[in-house]
Amino acid sequence: MKQLIKYALLILGPYSKEKYSSRQRVLNMYLVMLSIGFSGSFLENLIMHNFRYAGLSLFSLVFTLILYYLSRFRNIFSMSANLLFLFLFFVFAPAVWYEKGLTGSVLPFFFILTTVFTLYIFEGKRRLVFIVLSLLLTVLFATGEMSNEKLNTIELINQTLFLAMTLIALIILGFYSIERFKQEKRKAEELSKYDYLTELFTRREGLERLNYLVELAKRTKQSLSLIMMDIDNFKKVNDSFGHNCGDSVLKEVAALIRNNIRQTDIPIRWGGEEFLVILPETSLEKAYHIAERIRKDMEKTKFKCKKRDFRVTITCGVSAYNDKQGAPENIDRVDRALYTGKKEGKNRSVVN
Ligand code: GH3
Ligand code: MG
Ligand code: MG
């Protein structure tokens, strides 16, 4: 029994999310469902001595199993998906039409199901074409079905079964879609929070955090300081060593800033080569020391591009947050301190 469950799990999943995309897992699930359906259809038609139709079912079953093998065990997703849907639209549907006319009991449900899976498995233009095709086939077989008045018990059971399967598939796909939507949303949120190059917070996220920390500082009556930094003569780095080198310097500067502040401080990439650090529970004096530490660390750091060593300096503006003023005025003030530092000759920290 245990062995049986193990084999069942091997075939049906759940299996490695890393190895298979969710689209691939849906395709595999669909292939398993189709194999079960074709097996049933094969047996039913065999019993009813409808040998040609039984043959078609058997052929479809073998074809589906081969595709399942390719997709599940050989990891060939795209080709399996294409082959399956081309088979369904251009071999299976015409063959059924030819053999049974349009009254093949379960076919409307079958093509509704196909539409749902098409939605999930394909992307872009192919998705659109395949959905139109499967919807057309659904309507074609459904109208054929409606003109058929005599349904026998087996056909009725079959219809009910497919209806149930459609519902189950819809529910499962619903959950999958919600999961995927959530994942994408989370990813987008993460992307808008962090700067892709330096992995520091983006300006937008930084401002949001500043507003929160200001409120917190007001309530706890703690001090809050800001340091604004700008790399000196950064244009020269780009001009002498190229933009890629400039980018790698930016990355290293960001890492250096991060290494010199506390976990609770907020480092932000404010602009191209400008950084803002929010320091909660930090006096102006302490903030000045931190700025100086970063600046001196920068002075000592050797950078290397195109086999040439060079050094980079920064200028820092430092100010204590004044909660009588809003965020823009406070940022303006620390920016002015930085500007003064630049005017006075760069590579220094200036308090405002
Ligand atoms: P100053 O000492 O007055 O700050 O001089 P500067 O050259 O650093 O200042 P300026 O503002 O004139 O130039 C900043 C340069 O930073 C210009 C721009 O090409 C470069 N820069 C901005 N963002 C990036 C980036 O993401 N990557 C690279 N490589 N360079 C950038
Ligand atoms: Mg600069
Ligand atoms: Mg600048």
# chains A, B, ... in the order shown; residues from 1 in each chain; ligands from 1
>>> residues_around(residues="Met33 of chain A", least_positions_apart="3", cutoff="10 Å", atoms="only C-alpha atoms", output="list in words")
Leu12, Leu27, Asn28, Met29, Tyr30, Ile36, Gly37, Phe38, Ser39, Thr64, Met165 and Ala169 of chain A
>>> closest_atom_pairs(of="chain A", to="ligand 1", cutoff="9 Å", atoms="only C-alpha atoms and all ligand atoms", output="CSV")
residue,atom,partner,partner_atom_place_in_ligand_line,distance
A:Leu197,CA,ligand 1,26 (O),7.6
A:Asp230,CA,ligand 1,4 (O),5.8
A:Ile231,CA,ligand 1,8 (O),5.2
A:Asp232,CA,ligand 1,2 (O),3.3
A:Asn233,CA,ligand 1,7 (O),3.6
A:Phe234,CA,ligand 1,8 (O),3.6
A:Lys235,CA,ligand 1,7 (O),3.7
A:Lys236,CA,ligand 1,7 (O),6.2
A:Val237,CA,ligand 1,29 (N),8.0
A:Asn238,CA,ligand 1,29 (N),5.7
A:Asp239,CA,ligand 1,19 (O),8.5
A:Gly242,CA,ligand 1,29 (N),7.2
A:His243,CA,ligand 1,29 (N),4.1
A:Asn244,CA,ligand 1,29 (N),5.8
A:Cys245,CA,ligand 1,29 (N),6.5
A:Gly246,CA,ligand 1,29 (N),3.6
A:Asp247,CA,ligand 1,29 (N),4.2
A:Ser248,CA,ligand 1,29 (N),7.6
A:Val249,CA,ligand 1,29 (N),7.9
A:Leu250,CA,ligand 1,27 (N),7.0
A:Gly271,CA,ligand 1,23 (N),7.0
A:Gly272,CA,ligand 1,23 (N),3.3
A:Glu273,CA,ligand 1,22 (C),5.2
A:Glu274,CA,ligand 1,22 (C),8.3
A:Thr313,CA,ligand 1,2 (O),8.8
A:Ile314,CA,ligand 1,2 (O),7.8
A:Thr315,CA,ligand 1,2 (O),7.9
A:Tyr339,CA,ligand 1,3 (O),8.6
A:Lys342,CA,ligand 1,3 (O),6.4
A:Lys343,CA,ligand 1,3 (O),8.6
A:Lys346,CA,ligand 1,2 (O),6.8
A:Asn347,CA,ligand 1,2 (O),8.8
>>> residues_around(residues="Val318 of chain A", least_positions_apart="6", cutoff="12 Å", atoms="only C-alpha atoms", output="mmCIF file with all heavy atoms, in the first residue's frame")
data_model
loop_
_atom_site.group_PDB
_atom_site.id
_atom_site.type_symbol
_atom_site.label_atom_id
_atom_site.label_comp_id
_atom_site.auth_asym_id
_atom_site.auth_seq_id
_atom_site.Cartn_x
_atom_site.Cartn_y
_atom_site.Cartn_z
ATOM 1 N N LEU A 224 16.755 62.061 16.013
ATOM 2 C CA LEU A 224 16.817 61.374 14.713
ATOM 3 C C LEU A 224 17.712 62.231 13.820
ATOM 4 O O LEU A 224 17.547 63.441 13.762
ATOM 5 C CB LEU A 224 15.402 61.301 14.135
ATOM 6 C CG LEU A 224 15.207 60.679 12.777
ATOM 7 C CD1 LEU A 224 15.206 59.167 12.895
ATOM 8 C CD2 LEU A 224 13.881 61.115 12.168
ATOM 9 N N SER A 225 18.697 61.621 13.183
ATOM 10 C CA SER A 225 19.610 62.419 12.365
ATOM 11 C C SER A 225 19.667 61.932 10.927
ATOM 12 O O SER A 225 19.256 60.803 10.627
ATOM 13 C CB SER A 225 21.017 62.379 12.967
ATOM 14 O OG SER A 225 21.001 63.033 14.213
ATOM 15 N N LEU A 226 20.160 62.799 10.069
ATOM 16 C CA LEU A 226 20.290 62.462 8.647
ATOM 17 C C LEU A 226 21.711 62.708 8.169
ATOM 18 O O LEU A 226 22.355 63.676 8.609
ATOM 19 C CB LEU A 226 19.357 63.348 7.811
ATOM 20 C CG LEU A 226 17.853 63.311 8.085
ATOM 21 C CD1 LEU A 226 17.146 64.341 7.211
ATOM 22 C CD2 LEU A 226 17.287 61.921 7.802
ATOM 23 N N ILE A 227 22.203 61.833 7.319
ATOM 24 C CA ILE A 227 23.478 62.100 6.637
ATOM 25 C C ILE A 227 23.214 62.005 5.132
ATOM 26 O O ILE A 227 22.678 61.006 4.659
ATOM 27 C CB ILE A 227 24.568 61.058 6.997
ATOM 28 C CG1 ILE A 227 24.772 60.971 8.510
ATOM 29 C CG2 ILE A 227 25.880 61.395 6.296
ATOM 30 C CD1 ILE A 227 25.769 59.881 8.913
ATOM 31 N N MET A 228 23.581 63.050 4.410
ATOM 32 C CA MET A 228 23.477 63.015 2.948
ATOM 33 C C MET A 228 24.898 62.957 2.395
ATOM 34 O O MET A 228 25.756 63.740 2.813
ATOM 35 C CB MET A 228 22.764 64.278 2.456
ATOM 36 C CG MET A 228 22.484 64.311 0.976
ATOM 37 S SD MET A 228 21.149 63.223 0.500
ATOM 38 C CE MET A 228 19.762 64.343 0.514
ATOM 39 N N MET A 229 25.155 61.996 1.506
ATOM 40 C CA MET A 229 26.517 61.849 0.973
ATOM 41 C C MET A 229 26.510 61.932 -0.544
ATOM 42 O O MET A 229 25.550 61.498 -1.169
ATOM 43 C CB MET A 229 27.073 60.479 1.353
ATOM 44 C CG MET A 229 27.247 60.281 2.821
ATOM 45 S SD MET A 229 27.669 58.568 3.100
ATOM 46 C CE MET A 229 26.375 58.133 4.195
ATOM 47 N N ASP A 230 27.571 62.450 -1.085
ATOM 48 C CA ASP A 230 27.696 62.513 -2.547
ATOM 49 C C ASP A 230 29.151 62.197 -2.902
ATOM 50 O O ASP A 230 30.079 62.717 -2.283
ATOM 51 C CB ASP A 230 27.311 63.915 -3.027
ATOM 52 C CG ASP A 230 27.289 64.008 -4.546
ATOM 53 O OD1 ASP A 230 28.376 63.976 -5.160
ATOM 54 O OD2 ASP A 230 26.182 64.116 -5.108
ATOM 55 N N PHE A 275 23.708 59.448 -1.555
ATOM 56 C CA PHE A 275 23.111 58.521 -0.594
ATOM 57 C C PHE A 275 22.600 59.271 0.622
ATOM 58 O O PHE A 275 23.228 60.232 1.083
ATOM 59 C CB PHE A 275 24.145 57.486 -0.141
ATOM 60 C CG PHE A 275 24.772 56.749 -1.289
ATOM 61 C CD1 PHE A 275 25.944 57.208 -1.884
ATOM 62 C CD2 PHE A 275 24.177 55.601 -1.796
ATOM 63 C CE1 PHE A 275 26.521 56.537 -2.951
ATOM 64 C CE2 PHE A 275 24.739 54.925 -2.870
ATOM 65 C CZ PHE A 275 25.920 55.397 -3.445
ATOM 66 N N LEU A 276 21.473 58.822 1.140
ATOM 67 C CA LEU A 276 20.933 59.400 2.368
ATOM 68 C C LEU A 276 20.854 58.281 3.408
ATOM 69 O O LEU A 276 20.421 57.170 3.085
ATOM 70 C CB LEU A 276 19.534 59.964 2.115
ATOM 71 C CG LEU A 276 18.801 60.514 3.337
ATOM 72 C CD1 LEU A 276 19.466 61.786 3.853
ATOM 73 C CD2 LEU A 276 17.330 60.822 3.003
ATOM 74 N N VAL A 277 21.311 58.583 4.623
ATOM 75 C CA VAL A 277 21.163 57.594 5.693
ATOM 76 C C VAL A 277 20.309 58.204 6.797
ATOM 77 O O VAL A 277 20.566 59.322 7.234
ATOM 78 C CB VAL A 277 22.531 57.154 6.276
ATOM 79 C CG1 VAL A 277 22.331 56.063 7.327
ATOM 80 C CG2 VAL A 277 23.447 56.652 5.177
ATOM 81 N N ILE A 278 19.271 57.494 7.193
ATOM 82 C CA ILE A 278 18.435 57.936 8.311
ATOM 83 C C ILE A 278 18.935 57.207 9.557
ATOM 84 O O ILE A 278 19.069 55.980 9.547
ATOM 85 C CB ILE A 278 16.955 57.587 8.080
ATOM 86 C CG1 ILE A 278 16.488 58.093 6.715
ATOM 87 C CG2 ILE A 278 16.087 58.159 9.189
ATOM 88 C CD1 ILE A 278 15.127 57.536 6.306
ATOM 89 N N LEU A 279 19.219 57.983 10.610
ATOM 90 C CA LEU A 279 19.747 57.369 11.829
ATOM 91 C C LEU A 279 18.797 57.616 13.003
ATOM 92 O O LEU A 279 18.819 58.703 13.595
ATOM 93 C CB LEU A 279 21.129 57.954 12.139
ATOM 94 C CG LEU A 279 22.128 57.865 10.989
ATOM 95 C CD1 LEU A 279 22.769 59.207 10.719
ATOM 96 C CD2 LEU A 279 23.183 56.819 11.260
ATOM 97 N N THR A 282 19.680 58.832 17.240
ATOM 98 C CA THR A 282 21.066 59.259 17.089
ATOM 99 C C THR A 282 21.166 60.782 17.168
ATOM 100 O O THR A 282 20.449 61.478 16.449
ATOM 101 C CB THR A 282 21.623 58.790 15.725
ATOM 102 O OG1 THR A 282 21.350 57.400 15.575
ATOM 103 C CG2 THR A 282 23.115 59.020 15.610
ATOM 104 N N SER A 283 22.059 61.267 18.046
ATOM 105 C CA SER A 283 22.238 62.715 18.177
ATOM 106 C C SER A 283 23.042 63.244 16.999
ATOM 107 O O SER A 283 23.684 62.461 16.274
ATOM 108 C CB SER A 283 22.973 63.018 19.478
ATOM 109 O OG SER A 283 24.286 62.505 19.380
ATOM 110 N N LEU A 284 23.037 64.564 16.848
ATOM 111 C CA LEU A 284 23.777 65.199 15.755
ATOM 112 C C LEU A 284 25.269 64.883 15.856
ATOM 113 O O LEU A 284 25.936 64.592 14.859
ATOM 114 C CB LEU A 284 23.542 66.721 15.828
ATOM 115 C CG LEU A 284 24.192 67.556 14.736
ATOM 116 C CD1 LEU A 284 23.638 67.186 13.378
ATOM 117 C CD2 LEU A 284 23.980 69.041 15.001
ATOM 118 N N GLU A 285 25.754 64.921 17.100
ATOM 119 C CA GLU A 285 27.173 64.675 17.336
ATOM 120 C C GLU A 285 27.575 63.254 16.903
ATOM 121 O O GLU A 285 28.566 63.055 16.199
ATOM 122 C CB GLU A 285 27.450 64.868 18.830
ATOM 123 C CG GLU A 285 28.908 65.088 19.134
ATOM 124 C CD GLU A 285 29.140 65.118 20.638
ATOM 125 O OE1 GLU A 285 28.151 65.034 21.409
ATOM 126 O OE2 GLU A 285 30.304 65.207 21.042
ATOM 127 N N LYS A 286 26.742 62.301 17.313
ATOM 128 C CA LYS A 286 27.018 60.902 16.950
ATOM 129 C C LYS A 286 26.954 60.731 15.434
ATOM 130 O O LYS A 286 27.794 60.043 14.840
ATOM 131 C CB LYS A 286 25.969 59.996 17.596
ATOM 132 C CG LYS A 286 26.497 59.174 18.743
ATOM 133 C CD LYS A 286 25.528 58.041 18.975
ATOM 134 C CE LYS A 286 25.396 57.667 20.435
ATOM 135 N NZ LYS A 286 24.133 56.960 20.705
ATOM 136 N N ALA A 287 25.963 61.369 14.830
ATOM 137 C CA ALA A 287 25.792 61.257 13.381
ATOM 138 C C ALA A 287 27.023 61.811 12.656
ATOM 139 O O ALA A 287 27.482 61.229 11.664
ATOM 140 C CB ALA A 287 24.534 61.998 12.939
ATOM 141 N N TYR A 288 27.554 62.905 13.188
ATOM 142 C CA TYR A 288 28.755 63.499 12.590
ATOM 143 C C TYR A 288 29.918 62.499 12.645
ATOM 144 O O TYR A 288 30.653 62.326 11.667
ATOM 145 C CB TYR A 288 29.126 64.803 13.317
ATOM 146 C CG TYR A 288 30.404 65.415 12.807
ATOM 147 C CD1 TYR A 288 30.418 66.107 11.599
ATOM 148 C CD2 TYR A 288 31.597 65.270 13.520
ATOM 149 C CE1 TYR A 288 31.595 66.651 11.112
ATOM 150 C CE2 TYR A 288 32.773 65.819 13.044
ATOM 151 C CZ TYR A 288 32.778 66.508 11.833
ATOM 152 O OH TYR A 288 33.934 67.039 11.356
ATOM 153 N N HIS A 289 30.051 61.825 13.795
ATOM 154 C CA HIS A 289 31.127 60.832 13.921
ATOM 155 C C HIS A 289 30.956 59.691 12.933
ATOM 156 O O HIS A 289 31.932 59.225 12.342
ATOM 157 C CB HIS A 289 31.197 60.299 15.350
ATOM 158 C CG HIS A 289 31.841 61.267 16.286
ATOM 159 N ND1 HIS A 289 33.143 61.696 16.112
ATOM 160 C CD2 HIS A 289 31.371 61.913 17.385
ATOM 161 C CE1 HIS A 289 33.442 62.561 17.060
ATOM 162 N NE2 HIS A 289 32.375 62.719 17.855
ATOM 163 N N ILE A 290 29.724 59.271 12.755
ATOM 164 C CA ILE A 290 29.474 58.173 11.807
ATOM 165 C C ILE A 290 29.826 58.627 10.390
ATOM 166 O O ILE A 290 30.478 57.903 9.629
ATOM 167 C CB ILE A 290 28.011 57.696 11.900
ATOM 168 C CG1 ILE A 290 27.779 57.042 13.264
ATOM 169 C CG2 ILE A 290 27.690 56.703 10.782
ATOM 170 C CD1 ILE A 290 26.327 56.801 13.609
ATOM 171 N N ALA A 291 29.420 59.865 10.046
ATOM 172 C CA ALA A 291 29.729 60.401 8.711
ATOM 173 C C ALA A 291 31.239 60.444 8.500
ATOM 174 O O ALA A 291 31.745 60.041 7.442
ATOM 175 C CB ALA A 291 29.123 61.793 8.557
ATOM 176 N N GLU A 292 31.952 60.903 9.527
ATOM 177 C CA GLU A 292 33.409 60.984 9.420
ATOM 178 C C GLU A 292 34.044 59.605 9.279
ATOM 179 O O GLU A 292 35.010 59.422 8.529
ATOM 180 C CB GLU A 292 33.984 61.706 10.650
ATOM 181 C CG GLU A 292 33.968 63.219 10.527
ATOM 182 C CD GLU A 292 34.866 63.734 9.406
ATOM 183 O OE1 GLU A 292 36.085 63.859 9.611
ATOM 184 O OE2 GLU A 292 34.332 63.979 8.306
ATOM 185 N N ASN A 330 13.601 69.308 5.989
ATOM 186 C CA ASN A 330 14.734 68.662 6.646
ATOM 187 C C ASN A 330 15.741 68.127 5.633
ATOM 188 O O ASN A 330 16.948 68.220 5.829
ATOM 189 C CB ASN A 330 14.239 67.522 7.540
ATOM 190 C CG ASN A 330 13.843 68.025 8.912
ATOM 191 O OD1 ASN A 330 14.714 68.344 9.718
ATOM 192 N ND2 ASN A 330 12.555 68.127 9.168
ATOM 193 N N ILE A 331 15.218 67.563 4.570
ATOM 194 C CA ILE A 331 16.111 67.028 3.533
ATOM 195 C C ILE A 331 16.835 68.180 2.835
ATOM 196 O O ILE A 331 18.021 68.092 2.521
ATOM 197 C CB ILE A 331 15.324 66.140 2.544
ATOM 198 C CG1 ILE A 331 14.943 64.838 3.257
ATOM 199 C CG2 ILE A 331 16.146 65.817 1.309
ATOM 200 C CD1 ILE A 331 13.900 64.027 2.567
ATOM 201 N N ASP A 332 16.115 69.259 2.658
ATOM 202 C CA ASP A 332 16.714 70.466 2.086
ATOM 203 C C ASP A 332 17.901 70.930 2.928
ATOM 204 O O ASP A 332 18.952 71.311 2.395
ATOM 205 C CB ASP A 332 15.648 71.569 2.096
ATOM 206 C CG ASP A 332 15.515 72.203 0.733
ATOM 207 O OD1 ASP A 332 15.693 71.467 -0.258
ATOM 208 O OD2 ASP A 332 15.261 73.425 0.683
ATOM 209 N N ARG A 333 17.709 70.883 4.225
ATOM 210 C CA ARG A 333 18.741 71.380 5.137
ATOM 211 C C ARG A 333 20.003 70.517 5.069
ATOM 212 O O ARG A 333 21.118 71.020 4.990
ATOM 213 C CB ARG A 333 18.175 71.393 6.563
ATOM 214 C CG ARG A 333 18.935 72.290 7.520
ATOM 215 C CD ARG A 333 18.007 72.860 8.592
ATOM 216 N NE ARG A 333 17.110 71.847 9.122
ATOM 217 C CZ ARG A 333 17.440 70.965 10.060
ATOM 218 N NH1 ARG A 333 18.639 70.979 10.580
ATOM 219 N NH2 ARG A 333 16.563 70.075 10.479
ATOM 220 N N VAL A 334 19.817 69.201 5.093
ATOM 221 C CA VAL A 334 20.988 68.316 5.048
ATOM 222 C C VAL A 334 21.671 68.416 3.675
ATOM 223 O O VAL A 334 22.883 68.306 3.545
ATOM 224 C CB VAL A 334 20.609 66.864 5.434
ATOM 225 C CG1 VAL A 334 19.847 66.172 4.335
ATOM 226 C CG2 VAL A 334 21.835 66.056 5.826
ATOM 227 N N ASP A 335 20.866 68.680 2.647
ATOM 228 C CA ASP A 335 21.395 68.865 1.302
ATOM 229 C C ASP A 335 22.250 70.136 1.228
ATOM 230 O O ASP A 335 23.303 70.151 0.573
ATOM 231 C CB ASP A 335 20.209 68.985 0.327
ATOM 232 C CG ASP A 335 20.518 68.355 -1.015
ATOM 233 O OD1 ASP A 335 21.441 67.513 -1.071
ATOM 234 O OD2 ASP A 335 19.841 68.697 -2.001
ATOM 235 N N ARG A 336 21.797 71.172 1.930
ATOM 236 C CA ARG A 336 22.569 72.419 1.949
ATOM 237 C C ARG A 336 23.912 72.220 2.646
ATOM 238 O O ARG A 336 24.931 72.758 2.239
ATOM 239 C CB ARG A 336 21.766 73.537 2.632
ATOM 240 C CG ARG A 336 20.757 74.192 1.696
ATOM 241 C CD ARG A 336 20.404 75.599 2.160
ATOM 242 N NE ARG A 336 19.860 75.608 3.508
ATOM 243 C CZ ARG A 336 18.580 75.366 3.823
ATOM 244 N NH1 ARG A 336 17.709 75.097 2.856
ATOM 245 N NH2 ARG A 336 18.174 75.398 5.065
ATOM 246 N N ALA A 337 23.892 71.410 3.708
ATOM 247 C CA ALA A 337 25.145 71.102 4.416
ATOM 248 C C ALA A 337 26.124 70.420 3.463
ATOM 249 O O ALA A 337 27.310 70.761 3.397
ATOM 250 C CB ALA A 337 24.861 70.211 5.611
ATOM 251 N N LEU A 338 25.590 69.484 2.694
ATOM 252 C CA LEU A 338 26.419 68.773 1.703
ATOM 253 C C LEU A 338 26.981 69.766 0.674
ATOM 254 O O LEU A 338 28.171 69.722 0.332
ATOM 255 C CB LEU A 338 25.564 67.702 1.010
ATOM 256 C CG LEU A 338 26.137 67.044 -0.235
ATOM 257 C CD1 LEU A 338 27.382 66.242 0.096
ATOM 258 C CD2 LEU A 338 25.103 66.123 -0.881
ATOM 259 N N TYR A 339 26.126 70.662 0.221
ATOM 260 C CA TYR A 339 26.533 71.648 -0.785
ATOM 261 C C TYR A 339 27.667 72.537 -0.248
ATOM 262 O O TYR A 339 28.638 72.818 -0.954
ATOM 263 C CB TYR A 339 25.307 72.490 -1.173
ATOM 264 C CG TYR A 339 25.581 73.500 -2.246
ATOM 265 C CD1 TYR A 339 25.836 73.084 -3.561
ATOM 266 C CD2 TYR A 339 25.598 74.861 -1.958
ATOM 267 C CE1 TYR A 339 26.098 74.007 -4.540
ATOM 268 C CE2 TYR A 339 25.851 75.788 -2.939
ATOM 269 C CZ TYR A 339 26.104 75.373 -4.240
ATOM 270 O OH TYR A 339 26.361 76.298 -5.208
ATOM 271 N N THR A 340 27.512 72.928 1.034
ATOM 272 C CA THR A 340 28.571 73.724 1.668
ATOM 273 C C THR A 340 29.889 72.955 1.659
ATOM 274 O O THR A 340 30.952 73.501 1.337
ATOM 275 C CB THR A 340 28.183 74.063 3.130
ATOM 276 O OG1 THR A 340 26.885 74.618 3.133
ATOM 277 C CG2 THR A 340 29.163 75.036 3.756
ATOM 278 N N GLY A 341 29.815 71.680 2.006
ATOM 279 C CA GLY A 341 31.002 70.815 2.010
ATOM 280 C C GLY A 341 31.658 70.775 0.641
ATOM 281 O O GLY A 341 32.883 70.833 0.503
ATOM 282 N N ARG A 348 34.832 66.088 2.990
ATOM 283 C CA ARG A 348 34.661 66.531 4.376
ATOM 284 C C ARG A 348 33.214 66.346 4.803
ATOM 285 O O ARG A 348 32.337 66.120 3.957
ATOM 286 C CB ARG A 348 35.079 67.995 4.522
ATOM 287 C CG ARG A 348 34.186 68.954 3.735
ATOM 288 C CD ARG A 348 34.825 70.306 3.606
ATOM 289 N NE ARG A 348 36.084 70.214 2.861
ATOM 290 C CZ ARG A 348 37.137 71.024 3.047
ATOM 291 N NH1 ARG A 348 37.099 71.955 3.966
ATOM 292 N NH2 ARG A 348 38.233 70.871 2.322
ATOM 293 N N SER A 349 32.983 66.465 6.124
ATOM 294 C CA SER A 349 31.615 66.403 6.637
ATOM 295 C C SER A 349 31.245 67.760 7.216
ATOM 296 O O SER A 349 32.023 68.351 7.964
ATOM 297 C CB SER A 349 31.511 65.326 7.730
ATOM 298 O OG SER A 349 31.866 64.072 7.199
ATOM 299 N N VAL A 350 30.072 68.236 6.863
ATOM 300 C CA VAL A 350 29.624 69.546 7.318
ATOM 301 C C VAL A 350 28.280 69.400 8.043
ATOM 302 O O VAL A 350 27.387 68.693 7.566
ATOM 303 C CB VAL A 350 29.484 70.514 6.123
ATOM 304 C CG1 VAL A 350 28.843 71.817 6.551
ATOM 305 C CG2 VAL A 350 30.845 70.760 5.503
ATOM 306 N N VAL A 351 28.203 70.066 9.198
ATOM 307 C CA VAL A 351 26.972 69.989 9.986
ATOM 308 C C VAL A 351 26.094 71.202 9.692
ATOM 309 O O VAL A 351 26.587 72.312 9.552
ATOM 310 C CB VAL A 351 27.318 69.942 11.498
ATOM 311 C CG1 VAL A 351 26.064 70.059 12.340
ATOM 312 C CG2 VAL A 351 28.059 68.645 11.807
ATOM 313 N N ASN A 352 24.801 70.969 9.615
ATOM 314 C CA ASN A 352 23.892 72.106 9.494
ATOM 315 C C ASN A 352 22.789 71.946 10.535
ATOM 316 O O ASN A 352 21.999 71.046 10.432
ATOM 317 C CB ASN A 352 23.283 72.137 8.087
ATOM 318 C CG ASN A 352 22.411 73.355 7.874
ATOM 319 O OD1 ASN A 352 22.072 74.062 8.837
ATOM 320 N ND2 ASN A 352 22.078 73.611 6.635
#
>>> select_by_dssp(residues="segment 30-236 of chain A", states="strand (DSSP E or B)", output="list in words")
Tyr194, Phe201, Leu224, Ser225, Leu226, Ile227, Met228, Met229, Asp230 and Ile231 of chain A
>>> atom_distance(atom1="atom CA of Met298 of chain A", atom2="atom CA of Ser319 of chain A")
20.4 Å
>>> closest_residue(among="A:Gly206, A:Pro108, A:Pro280, A:Pro267", to="Thr220 of chain A", atoms="only C-alpha atoms")
A:Pro280
>>> closest_residue(among="A:Phe73, A:Tyr68, A:Ser60, A:Gly101", to="Phe87 of chain A", atoms="only C-alpha atoms")
A:Ser60
>>> closest_residue(among="A:Trp270, A:Tyr7, A:Phe63, A:Tyr321", to="ligand 3", atoms="only C-alpha atoms and all ligand atoms")
A:Trp270
>>> select_by_dssp(residues="segment 14-190 of chain A", states="helix (DSSP H, G or I)", output="number ranges by chain")
A: 22-47, 51-73, 77-100, 107-121, 124-146, 153-190
>>> closest_residue(among="A:Phe109, A:Tyr20, A:Phe89, A:Phe303", to="Phe241 of chain A", atoms="only C-alpha atoms")
A:Phe303
